[in-house]
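Colleague: Following this message is one structure expressed as structure tokens.
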Amino acid sequence: SSAVVVDMTSLFLEDSYYSSPFPGYAANSLYGLVTREHEFDEERSFLRDAHAYQNSIIVGCEMSYDVDYMFFGAMIMNQDVPVTVLVDKILMLLPETPMQARLADPRIGTSYYTGAVLENAKTGLKKVFYSNRWRIEPVDPVAYASGELVEPQKPIVFYLDTLMPQTWKKYIRSGAEEWNLAFEKIGFKDVVRVLEFPQNDSIFNANDLNYSTIRYAPLTLDEILTSMHTDPRTGEILNASIYISDNVRYALYLSRVLSTMATDPSVRQAVLAEEVMGDLIRTSIMQSVGECLGLTSNFGASYAYPVDSLRSPSFTQKYGTTYSIMDYARNNYVAQPGDKERGVRLTPPDLGLADYFSIKWLYTPLLDAKTSEEEVPTLDRWISEKSGNPIYRYGKQQFTYRIDPSSCEEDLGD
């Protein structure tokens, strides 16, 4: 008699821009060449199931559409094609106590959330930018303040898909956990961890936002994609996952072979050795995990290298091909025949100096600062101390036009 039943069907079976299962950039839209005009059919749609967890619910929906396929948005290819899509719609409670936000700075390559705050009734809303980051807090603040290496209260755990090719797993784990070296520099140990999907666990659901995952997809797409969910009040990352398409091995193969086959005879074959392909996967996972930590592409890092340094055995063994793994700089195509035998490294670094600095700026707890604004003087000073040093310059990604030649993708050296 005290129960209240609310019919939520209309909420979960709604169709809007924010929940459309037809993204513009997708393999089955030829990456934007084909647009899909779709009309939702409510009568052919229904709720399939619902699952409740500690702080979230997942409602499975079967959504039906009639779809028109248009080439370049003008030429009709197919009309009224019936398409049914299985969609999980998720509601999640935000943390009861919000994390202290860290205000973003355009001189540091971090992803950010754009919000608004009401300063007072006269000035109205003010736009603010919060850096996206995980809540990394020491289990023992006293020990941390005294300089001891401590674990975080809540580590960042990625659950590894059981479908992942076995030969890839150790390289994926190694690439993800490499970021622990940067966290150790700021006093934390074992922040990033990779675990297998739990077996015989009735609670675990890979689609639950309480779990971050590294998923395998047997697709022809040759990319590694990431997703992230954040708390809009603070920019706190609540979930971040990585999706590895099987055909990414082809893109990695092509890059390695075309860049280095003149200097590395071992890659002149149709199938690369496991350790060579594994090293490429490891590097790509490092970049993807960097995105999941809140970092963005830094295309200016490789510009800090003099070109002749890329042919130096001692320099490349220490620094690789760029000062930031987030540069997405490829393999060492500057090297010449005979350089590999002299010890010149042909692949990107593990973590670069710029990566260590980005993690320091983004994740170092400023225990004395009670507000986001009180953090700014210290964070600004850290950046100012690096001013003029090209190693730490952030090179923003350029779209459509390449105006700044020192901040381009795929480039090496100055």
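Note on naming: chains are A, B, ... as they come in the structure tokens, residues start from 1 per chain, ligands start from 1 in the order shown.
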Quick one: contact table of stretch 107-149 of chain A to stretch 172-193 of chain A, 12 Å max, nearest atom pair and distance in Å to one decimal per residue, counting only C-alpha atoms, chain and number order, as JSON lines?

Modeller:
```
{"residue": "A:Trp134", "atom": "CA", "partner": "A:Val191", "partner_atom": "CA", "distance": 10.3}
{"residue": "A:Arg135", "atom": "CA", "partner": "A:Val191", "partner_atom": "CA", "distance": 10.8}
{"residue": "A:Ile136", "atom": "CA", "partner": "A:Val191", "partner_atom": "CA", "distance": 8.1}
{"residue": "A:Glu137", "atom": "CA", "partner": "A:Phe188", "partner_atom": "CA", "distance": 8.9}
{"residue": "A:Pro138", "atom": "CA", "partner": "A:Phe188", "partner_atom": "CA", "distance": 7.4}
{"residue": "A:Val139", "atom": "CA", "partner": "A:Phe188", "partner_atom": "CA", "distance": 9.8}
{"residue": "A:Asp140", "atom": "CA", "partner": "A:Phe188", "partner_atom": "CA", "distance": 10.8}
{"residue": "A:Pro141", "atom": "CA", "partner": "A:Gly187", "partner_atom": "CA", "distance": 10.8}
{"residue": "A:Ala143", "atom": "CA", "partner": "A:Gly187", "partner_atom": "CA", "distance": 9.9}
{"residue": "A:Tyr144", "atom": "CA", "partner": "A:Gly187", "partner_atom": "CA", "distance": 6.7}
{"residue": "A:Ala145", "atom": "CA", "partner": "A:Gly187", "partner_atom": "CA", "distance": 9.1}
{"residue": "A:Ser146", "atom": "CA", "partner": "A:Gly187", "partner_atom": "CA", "distance": 10.0}
{"residue": "A:Gly147", "atom": "CA", "partner": "A:Gly187", "partner_atom": "CA", "distance": 6.9}
{"residue": "A:Glu148", "atom": "CA", "partner": "A:Gly187", "partner_atom": "CA", "distance": 6.6}
{"residue": "A:Leu149", "atom": "CA", "partner": "A:Gly187", "partner_atom": "CA", "distance": 4.8}
```

Colleague: Excluding A:Thr296 and residues on its chain fewer than 3 positions from it, collect all residues at most 6 Å away from it, counting only C-alpha atoms, and give them as a list of chain:residue names.

Modeller: A:Gly109, A:Thr110, A:Ser111, A:Glu291

Colleague: Got time to write the residues from that selection, N, CA, C and O atoms, as a short mmCIF file (atom, residue, chain, number, x, y, z; two decimals), in the first residue's frame?

Modeller:
```cif
data_model
loop_
_atom_site.label_atom_id
_atom_site.label_comp_id
_atom_site.auth_asym_id
_atom_site.auth_seq_id
_atom_site.Cartn_x
_atom_site.Cartn_y
_atom_site.Cartn_z
N GLY A 109 47.63 20.65 -22.07
CA GLY A 109 46.76 19.83 -22.91
C GLY A 109 45.88 18.89 -22.12
O GLY A 109 46.16 17.69 -22.01
N THR A 110 44.79 19.42 -21.56
CA THR A 110 43.81 18.58 -20.87
C THR A 110 42.45 18.77 -21.50
O THR A 110 42.11 19.86 -21.98
N SER A 111 41.66 17.70 -21.52
CA SER A 111 40.28 17.86 -21.93
C SER A 111 39.53 18.58 -20.81
O SER A 111 39.98 18.59 -19.67
N GLU A 291 44.36 9.69 -22.96
CA GLU A 291 43.09 10.38 -23.18
C GLU A 291 42.12 10.10 -22.04
O GLU A 291 41.40 11.01 -21.58
#
```

Colleague: Using only C-alpha atoms, which residues of stretch 142-209 of chain A come within 9 Å of stretch 49-62 of chain A, and what is the closest atom pair for each, with the distance in Å to one decimal? Give it as a Markdown table, sorted by chain and residue number.

Modeller:
```
| residue | atom | partner | partner_atom | distance |
| --- | --- | --- | --- | --- |
| A:Ile203 | CA | A:Tyr53 | CA | 7.7 |
| A:Asn207 | CA | A:Ile58 | CA | 8.2 |
| A:Asp208 | CA | A:Ile58 | CA | 7.3 |
| A:Leu209 | CA | A:Ser56 | CA | 7.7 |
```

Colleague: Write a file of the selected residues as a short mmCIF file (atom, residue, chain, number, x, y, z; two decimals), in the first residue's frame, keeping N, CA and C atoms.

Modeller:
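Contents of selection-v3.cif, as written:
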```
data_model
loop_
_atom_site.label_atom_id
_atom_site.label_comp_id
_atom_site.auth_asym_id
_atom_site.auth_seq_id
_atom_site.Cartn_x
_atom_site.Cartn_y
_atom_site.Cartn_z
N ILE A 203 27.41 -9.52 -10.29
CA ILE A 203 27.27 -8.06 -10.20
C ILE A 203 27.92 -7.37 -11.39
N ASN A 207 28.76 -2.93 -19.21
CA ASN A 207 28.09 -1.70 -19.62
C ASN A 207 27.74 -0.80 -18.44
N ASP A 208 27.98 -1.27 -17.22
CA ASP A 208 27.73 -0.46 -16.03
C ASP A 208 28.80 0.63 -15.94
N LEU A 209 28.38 1.88 -15.75
CA LEU A 209 29.32 2.99 -15.73
C LEU A 209 30.26 2.95 -14.52
#
```

Colleague: If you run DSSP on the backbone, which residues of stretch 188-288 of chain A are strand (DSSP E or B), as a list in words?

Modeller: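 Going through stretch 188-288 of chain A, the strand (DSSP E or B) residues come out as Phe188, Val192, Arg193, Val194, Leu195, Glu196, Ser212, Thr213, Ile214, Arg215, Tyr216, Ala217, Ile224, Leu225, Thr226, Ser227, Met228, His229, Thr230, Glu236, Ile237, Leu238, Asn239, Ala240, Ser241, Ile242, Tyr243, Ile244 and Ser245 of chain A.
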
Colleague: Nearest to A:Met99: which of A:Asp66, A:Asp368, A:Glu375, A:Glu236 is it, counting only C-alpha atoms?

Modeller: A:Glu236

Colleague: Write out as number ranges by chain the residues lying within 10 Å of A:Arg330, counting only C-alpha atoms and excluding same-chain residues fewer than 5 positions away.

Modeller: A: 252, 255-256, 259, 280, 283, 321-322, 325, 346-348, 409-412
